[in-house]
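Only one structure is covered here, and it is reproduced in the block below.
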Amino acid sequence: MKNLGFGMMRLPVLSGPTDFDYPQLNAMVDAFMAAGYTYFDTSFVYHDGKSEEATRKALVERHPRESFTIATKFPTFMLIPEEKIEETFQSQLDHLGVDYVDYYLLHNIQNVYYDGYDGKGGIVKTTHLFEHAKKWKEDGKIRHLGISFHSSAKLLDRVLTEHPEIEFVQIALNPIDWDSELVQAGLCYDVIRRHGRKVVIMEAVKGGGLAKLPEEAEALLKKAHPDWSIASWSVRFGLDLEDVIAVLSGMSTLEQVKDNTAVSNAAEKLTEEDRKVLAEAMHIYRESAPIRQSEIDQYRGLMYHGVPVSAILQAYSICQIQPDPGFSDDNNYLKNAIAEAEHVDFHAGLEKQPVITEDGKDITKTVEDAVAWLTEHSF
């Protein structure tokens, strides 16, 4: 189960996002590798475009190339024109100081970028990104081709069917997103395995949102395992799954590296009782949100522009109890769900659509307020 990955997106800095604390970062990299771990995950855009360079300085220039694996990603969402794609990829190799990337991903595949709002073809298809990536692999510049994914299990099934060259998929996966109606982590995981591909897990602790739970939920977990940290439950949940290449953790301090590697080193399969306790803790967590899950469940069957009302309210509500609500993974899924259902851009404004329950309760304002918030904070 030694498949913990080092996410290079929340690195220690001094005065700003690109002023890296290299003495601490170097120590973090060294400690991670000394514990037996090798997977480092970065991107063209992390830390204002400087994470790949920091990875070169802290890792590539200080350790033998064969002693680690690097994952990085092409910035699909930057809408780079086709004539700039090769130049962008080469700049990534230069930033990293490597001749090849072990795990290369097309970053943030979702309905809008794959199909476009019209359902006919987004930036991924019009710039022939997969064709470029296949050529990079043929040339030995990447070893394994994958995608990071932020949309429905239905779309993922189609993408993997249409692109057998995809070897692995990176998805947001944690105990609360597992049965999320929009994130659909459990359903996406099942699709990936059904297609015989591998999984990389991101948002294992939901951006820190699962490191602190309501007092009642924490007491439940501590009673079961007094020596486990709250965050470690979510990490163990991911480490426990099959066909996982890496469970990513965006670590910012040496202490976090030591804690995460210790958890991973000691991790064992969760028992059936552990899973029941964790599920109950997640139930308490959802009930602590502004709109409780028990209330949301009453609205099952209602739709708003082709999307279940329960999914919209669940996504909105869970965002509100995250450390940074505007940067929760949930808030970026609604635009894709509406684009998939109706082929429209919700940023352009949606026609008013009343939402009335079977007993005549008008919840239109509640739904529209949630949609407005999710629209404002999508990216």
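Identifiers in the structure tokens: chain A, B, ... in order shown; residue index from 1 per chain; ligand index from 1 in order shown.
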
TODO: Mind the document's chain letters and residue numbers, and return as an MDAnalysis selection string the residues of region 180-291 of chain A that DSSP labels helix (DSSP H, G or I).
DONE: chainID A and resid 185:194 206:208 215:224 230:239 254:266 272:287

TODO: Extract, using only C-alpha atoms, all DNA, RNA and protein residues at most 10 Å from Tyr189 (chain A), discarding same-chain residues fewer than 5 positions from it, and format them as a count of residues only.
DONE: 19

- [ ] Extract, using only C-alpha atoms, all DNA, RNA and protein residues at most 8 Å from region 230-240 of chain A, discarding same-chain residues fewer than 5 positions from it, and format them as a list of chain:residue names.
- [x]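 Skipping anything fewer than 5 positions along the chain leaves A:Met1, A:Asn3, A:Leu4, A:Leu173, A:Asn174, A:Pro175, A:Ile201, A:Ala204, A:Val205, A:Gly208, A:Leu210, A:Ala211, A:Lys212, A:Leu213, A:Glu218, A:Leu221, A:Lys222, A:Val247, A:Asn260, A:Val263, A:Ser264, A:Ala267, A:Glu268, A:Lys269, A:Leu270, A:Leu278.
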
I'd like the neighbourhood of Asp345 (chain A) as a short mmCIF file (atom, residue, chain, number, x, y, z; two decimals) with C-alpha atoms, in the first residue's frame, where a residue qualifies if any of its atoms comes within 10 Å (using only C-alpha atoms), though same-chain residues fewer than 3 positions away should be ignored.
```cif
data_model
loop_
_atom_site.label_atom_id
_atom_site.label_comp_id
_atom_site.auth_asym_id
_atom_site.auth_seq_id
_atom_site.Cartn_x
_atom_site.Cartn_y
_atom_site.Cartn_z
CA VAL A 112 -17.23 21.67 -21.51
CA GLY A 116 -18.11 22.06 -25.74
CA TYR A 117 -21.35 23.65 -24.66
CA ASP A 118 -22.90 22.65 -27.98
CA LYS A 335 -21.60 23.79 -15.45
CA ASN A 336 -20.65 20.42 -16.89
CA ILE A 338 -25.99 21.44 -17.36
CA ALA A 339 -23.86 21.43 -20.51
CA GLU A 342 -29.00 20.84 -22.19
CA ALA A 348 -24.79 33.15 -20.04
CA GLY A 349 -27.81 32.91 -17.75
CA LEU A 350 -30.51 30.28 -17.40
#
```

- [ ] Name all residues at most 9 Å from Phe68 (chain A) (count only C-alpha atoms; drop same-chain ones fewer than 3 positions away) and give them as a PyMOL selection string.
- [x] chain A and resi 33+37-40+59-60+63-65

Could you write those residues out with C-alpha atoms, as a PDB file, in the first residue's frame?
```pdb
ATOM      1  CA  MET A  33      11.831   9.513  -0.690  1.00  0.00           C
ATOM      2  CA  TYR A  37       7.888   6.920  -1.898  1.00  0.00           C
ATOM      3  CA  THR A  38       8.629   8.110  -5.420  1.00  0.00           C
ATOM      4  CA  TYR A  39       5.548   9.708  -7.064  1.00  0.00           C
ATOM      5  CA  PHE A  40       5.602  13.510  -7.478  1.00  0.00           C
ATOM      6  CA  LEU A  59      13.869  16.898  -6.910  1.00  0.00           C
ATOM      7  CA  VAL A  60      15.362  16.494 -10.391  1.00  0.00           C
ATOM      8  CA  HIS A  63      18.228  12.949  -7.018  1.00  0.00           C
ATOM      9  CA  PRO A  64      19.038  10.346  -9.713  1.00  0.00           C
ATOM     10  CA  ARG A  65      16.391  10.345 -12.455  1.00  0.00           C
TER      11      ARG A  65
END
```

- [ ] as a ChimeraX atom specification, list the residues of region 44-247 of chain A assigned to strand (DSSP E or B) by DSSP on the backbone atoms of this structure.
- [x] /A:69-74,101-109,142-149,168-172,198-202,244-247

Open item on the list: Just checking: using only C-alpha atoms, which residue out of A:Leu160, A:Leu254, A:Val344, A:Leu155 ends up closest to Met28 (chain A)?
Closed with: A:Leu254

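Proximity of A:Asp297, A:Asp139, A:Glu368, A:Glu215 to Tyr285 (chain A), computed with only C-alpha atoms, is greatest for A:Glu215.
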
- [ ] Name the residues in contact with Glu52 (chain A) at a cut-off of 6 Å, using only C-alpha atoms, excluding same-chain residues fewer than 2 positions from it; report them as a PyMOL selection string.
- [x] chain A and resi 50+54-55+95-96
